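Beneath this line is the structure, given in structure tokens, with notes to follow.
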Amino acid sequence: MTQTHLGKSIAQLSVLIQSGSLDPVTLVEESLDAIRTHKDQAIFTRLLEERAREEATASSRRLREGRSRGLLDGIPVAWKDLFAIRGLPTTAGSIVLADAAPAQEDADVVKALKAAGMVAIGRVNMSEFAFSGLGLNPHYGTPLNPRATDVARIPGGSSSGSAVAVASGLVPVSIGTDTGGSVRIPSAFNGLVGYKASRGRYSMAGVFPLATSLDSLGPLCRSVQDAVWVDAAMRGRAAPDIIRANPAGLSVVVPTTVVMDDAEDGVAEAFEATLARLSAAGVKVRRAAFPAFDKLFQVMAEHGPLVTAEAFALHHRRLAGPEAEAMDRRVVARTRLGEKITLVGYLEILQVREQLIKDVAGMIGPNEFIAYPTVAHVAPALAPLEADDELFVKVNFKTLRNTLIGNFLDWCGVSLPCGTGSAGMPVGFLLSAPKEQDERLLGAALALEDIIVAKLV
């Protein structure tokens, strides 16, 4: 089958579908065919062929009868393997859950996008139990970064399959989770737009957790407009209520603490060039130290990461039994570190977190956003990370460093591709705002997208 519509954004496909130029059934068959024949078979863990055809057929009928459910009707979507899909076990990128009881119903957000007319194509791969920012998976294989032209490079995680599915043109959007950067990191590594919503913006019913104090959701897609439409649908809205901002009225603060430490030259250059473009467009840019960032990493060093404490609480019985032998050794090792975090230490982390959120809020102007590179390096080569566990731990921490700040401080954030670094690999520009300022953030991202986004050669 000739694939003529793949690699397009939601907005591009929606025009074709709503005008009658493209039948959703045709689009779904193109997508399924492309997935089955793609050279990288580690992207999807499960195709939902029967369901996808049923939903596409229903969408096609609605459109012929003049009953479109809106701009997303007939648009394919892929789901990270953490979202409950009716009739299937939720395996979370692991083989130890392969025999788990099938879900009795879809996760709430799966239901919401189905109600908007979207077509569930399949489940995509991920880091096991979502506990890595690199995207390696020894059970289902590691999806390869399609932007790499020299050596096999990592996709970023934990929403690895989500990013590669979109970057490879197999689907226009995939829904991921983000506990320490798992939407924004793979988006940055693959040259996509990744929106991490505020924690609690969407229902988490039917979503397999990692750390409930940090878990959030969001789409990986090709444009901010696409993210805005999906965001509305995930909240059950018939249409978005985001107002596009005026670039000349926006302000950003660039932290001088932690986030640029050991940044690759190419990343720093792409980021600074983007700031220059923003300034030329009238955006106010200032730089400031954020001592709270140092304090955040100090409390992690003293007591351990919050995510590790909560992940261990979730998996401690699994780690004490035979299932641990069937898990990724790197995930097991990292999760077991949570055993060392005492109840007193955990409560201290929560107390410090609450104070740092207040401290940082006082440093950000009422109409200001925070901006820094999503990741301080481009996607690294895969082979050395598979071979060296010590290197894996080091690179995993550095990869997660910038994005986890936003999770700890309860921010929302959008990563946009702003240029390329070494080996021509994409660089991400992370724009963030305090919790529940998603409308402001998305309005600003809409306004700044054309300025920030650099064509990836």
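For the structure tokens, the naming scheme is as follows: chains receive sequential letters (A, B, ...) according to their order of presentation, residues are indexed from 1 within each chain, and ligands are indexed from 1 in presentation order.
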
9 Å contact set for Phe290 (chain A), only C-alpha atoms, chain neighbours under 2 positions out, as a VMD selection string
chain A and resid 255 to 258 288 292 to 294 360 363

Output file for the residues above (C-alpha atoms, as a CSV table (one decimal), in the first residue's frame):
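Listing of result_2.csv after writing:
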chain,number,residue,atom,x,y,z
A,255,PRO,CA,18.1,30.0,35.2
A,256,THR,CA,21.8,30.2,35.6
A,257,THR,CA,21.8,27.4,38.2
A,258,VAL,CA,22.4,23.7,37.3
A,288,ALA,CA,18.7,34.7,37.2
A,292,ALA,CA,16.2,26.3,45.0
A,293,PHE,CA,17.6,24.1,42.1
A,294,ASP,CA,20.8,23.4,44.2
A,360,VAL,CA,10.5,29.5,43.3
A,363,MET,CA,11.2,34.3,41.9

*Would you list the contacts of Leu431 (chain A) as a ChimeraX atom specification, taking every protein, DNA or RNA residue within 7 Å and counting only C-alpha atoms, but skipping same-chain residues closer than 6 positions in sequence?*
/A:369-371,413-415

Write a file of the selected residues as a short mmCIF file (atom, residue, chain, number, x, y, z; two decimals), in the first residue's frame, keeping all heavy atoms.
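Output contents, as saved in selection-v3.cif:
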data_model
loop_
_atom_site.label_atom_id
_atom_site.label_comp_id
_atom_site.auth_asym_id
_atom_site.auth_seq_id
_atom_site.Cartn_x
_atom_site.Cartn_y
_atom_site.Cartn_z
N PHE A 369 7.68 33.14 32.13
CA PHE A 369 7.87 31.71 31.93
C PHE A 369 9.33 31.37 32.19
O PHE A 369 10.20 32.24 32.15
CB PHE A 369 7.48 31.30 30.51
CG PHE A 369 6.04 31.58 30.18
CD1 PHE A 369 5.69 32.80 29.61
CD2 PHE A 369 5.05 30.67 30.47
CE1 PHE A 369 4.36 33.08 29.32
CE2 PHE A 369 3.72 30.94 30.19
CZ PHE A 369 3.37 32.15 29.61
N ILE A 370 9.60 30.09 32.45
CA ILE A 370 10.96 29.63 32.68
C ILE A 370 11.43 28.92 31.40
O ILE A 370 10.68 28.16 30.80
CB ILE A 370 11.03 28.65 33.87
CG1 ILE A 370 10.31 29.23 35.08
CG2 ILE A 370 12.49 28.33 34.21
CD1 ILE A 370 8.90 28.73 35.27
N ALA A 371 12.66 29.21 30.98
CA ALA A 371 13.18 28.62 29.74
C ALA A 371 14.59 28.10 29.94
O ALA A 371 15.44 28.80 30.50
CB ALA A 371 13.15 29.65 28.61
N GLY A 413 4.97 22.02 31.27
CA GLY A 413 6.05 22.39 30.36
C GLY A 413 5.82 21.91 28.94
O GLY A 413 5.13 20.90 28.72
N VAL A 414 6.40 22.63 27.99
CA VAL A 414 6.35 22.25 26.59
C VAL A 414 7.77 22.25 26.05
O VAL A 414 8.49 23.24 26.18
CB VAL A 414 5.50 23.22 25.75
CG1 VAL A 414 5.53 22.82 24.27
CG2 VAL A 414 4.06 23.25 26.24
N SER A 415 8.19 21.13 25.45
CA SER A 415 9.48 21.06 24.77
C SER A 415 9.25 21.25 23.28
O SER A 415 8.40 20.58 22.69
CB SER A 415 10.16 19.72 25.03
OG SER A 415 11.41 19.66 24.35
#

**Asked** Any idea what's packed within 8 Å of Val375 (chain A), counting only C-alpha atoms, ignoring anything in its chain fewer than 6 positions away? Could you give it as a ChimeraX atom specification?
**Response** /A:185,188,398-403,427-428

Take the residues that were just selected and, keeping N, CA and C atoms, output them as a compact mmCIF listing (two decimals), in the first residue's frame.
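Written file, out-v6.txt:
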# COMPACT_ATOMS: atom_id res chain seq x y z
N ILE A 185 11.63 14.60 27.33
CA ILE A 185 12.95 14.10 26.90
C ILE A 185 12.87 13.42 25.53
N ALA A 188 12.30 15.95 22.83
CA ALA A 188 13.51 16.71 22.51
C ALA A 188 14.47 15.89 21.67
N LYS A 398 21.93 12.54 34.05
CA LYS A 398 22.13 13.80 33.33
C LYS A 398 20.97 14.06 32.37
N THR A 399 20.44 13.02 31.76
CA THR A 399 19.33 13.17 30.83
C THR A 399 18.08 13.68 31.55
N LEU A 400 17.84 13.17 32.74
CA LEU A 400 16.65 13.54 33.51
C LEU A 400 16.82 14.85 34.28
N ARG A 401 18.06 15.31 34.44
CA ARG A 401 18.34 16.41 35.37
C ARG A 401 17.48 17.65 35.15
N ASN A 402 17.43 18.14 33.93
CA ASN A 402 16.73 19.40 33.68
C ASN A 402 15.21 19.25 33.79
N THR A 403 14.70 18.15 33.25
CA THR A 403 13.25 18.00 33.25
C THR A 403 12.68 17.65 34.62
N VAL A 427 17.74 19.40 19.26
CA VAL A 427 17.87 20.02 20.57
C VAL A 427 16.50 20.54 20.98
N GLY A 428 16.14 20.35 22.24
CA GLY A 428 14.84 20.80 22.73
C GLY A 428 14.94 22.07 23.55

Every residue of region 201-316 of chain A that DSSP places in strand (DSSP E or B), as a short mmCIF file (atom, residue, chain, number, x, y, z; two decimals) with N, CA and C atoms, in the first residue's frame:
data_model
loop_
_atom_site.label_atom_id
_atom_site.label_comp_id
_atom_site.auth_asym_id
_atom_site.auth_seq_id
_atom_site.Cartn_x
_atom_site.Cartn_y
_atom_site.Cartn_z
N VAL A 207 -4.46 4.53 34.60
CA VAL A 207 -3.07 4.76 34.20
C VAL A 207 -2.16 4.09 35.23
N SER A 216 2.40 12.71 35.62
CA SER A 216 1.54 13.57 34.81
C SER A 216 1.49 12.98 33.40
N LEU A 217 0.64 13.54 32.55
CA LEU A 217 0.41 13.01 31.21
C LEU A 217 0.60 14.09 30.16
N GLY A 218 0.65 13.66 28.90
CA GLY A 218 0.71 14.64 27.83
C GLY A 218 0.97 14.02 26.47
N PRO A 219 0.68 14.76 25.41
CA PRO A 219 0.89 14.28 24.05
C PRO A 219 2.27 14.57 23.50
N LEU A 220 2.76 13.68 22.64
CA LEU A 220 3.94 13.91 21.82
C LEU A 220 3.43 14.02 20.39
N CYS A 221 3.73 15.14 19.74
CA CYS A 221 3.12 15.41 18.44
C CYS A 221 4.01 16.34 17.63
N SER A 251 7.47 37.32 28.64
CA SER A 251 8.76 37.40 29.33
C SER A 251 9.20 36.00 29.73
N VAL A 252 10.50 35.76 29.63
CA VAL A 252 11.05 34.49 30.10
C VAL A 252 12.24 34.76 31.00
N VAL A 253 12.41 33.88 31.98
CA VAL A 253 13.58 33.92 32.84
C VAL A 253 14.39 32.66 32.58
N VAL A 254 15.69 32.84 32.39
CA VAL A 254 16.59 31.73 32.10
C VAL A 254 17.43 31.46 33.34
N PRO A 255 17.27 30.31 33.98
CA PRO A 255 18.06 30.01 35.18
C PRO A 255 19.55 29.88 34.84
N LYS A 284 10.81 39.59 26.32
CA LYS A 284 11.76 40.03 27.35
C LYS A 284 12.46 38.80 27.92
N VAL A 285 13.79 38.84 27.94
CA VAL A 285 14.58 37.72 28.42
C VAL A 285 15.50 38.22 29.54
N ARG A 286 15.44 37.57 30.68
CA ARG A 286 16.37 37.89 31.77
C ARG A 286 16.96 36.58 32.29
N ARG A 287 18.09 36.70 32.96
CA ARG A 287 18.74 35.54 33.56
C ARG A 287 18.81 35.73 35.06
N ALA A 288 18.68 34.64 35.78
CA ALA A 288 18.69 34.72 37.24
C ALA A 288 19.13 33.40 37.84
#
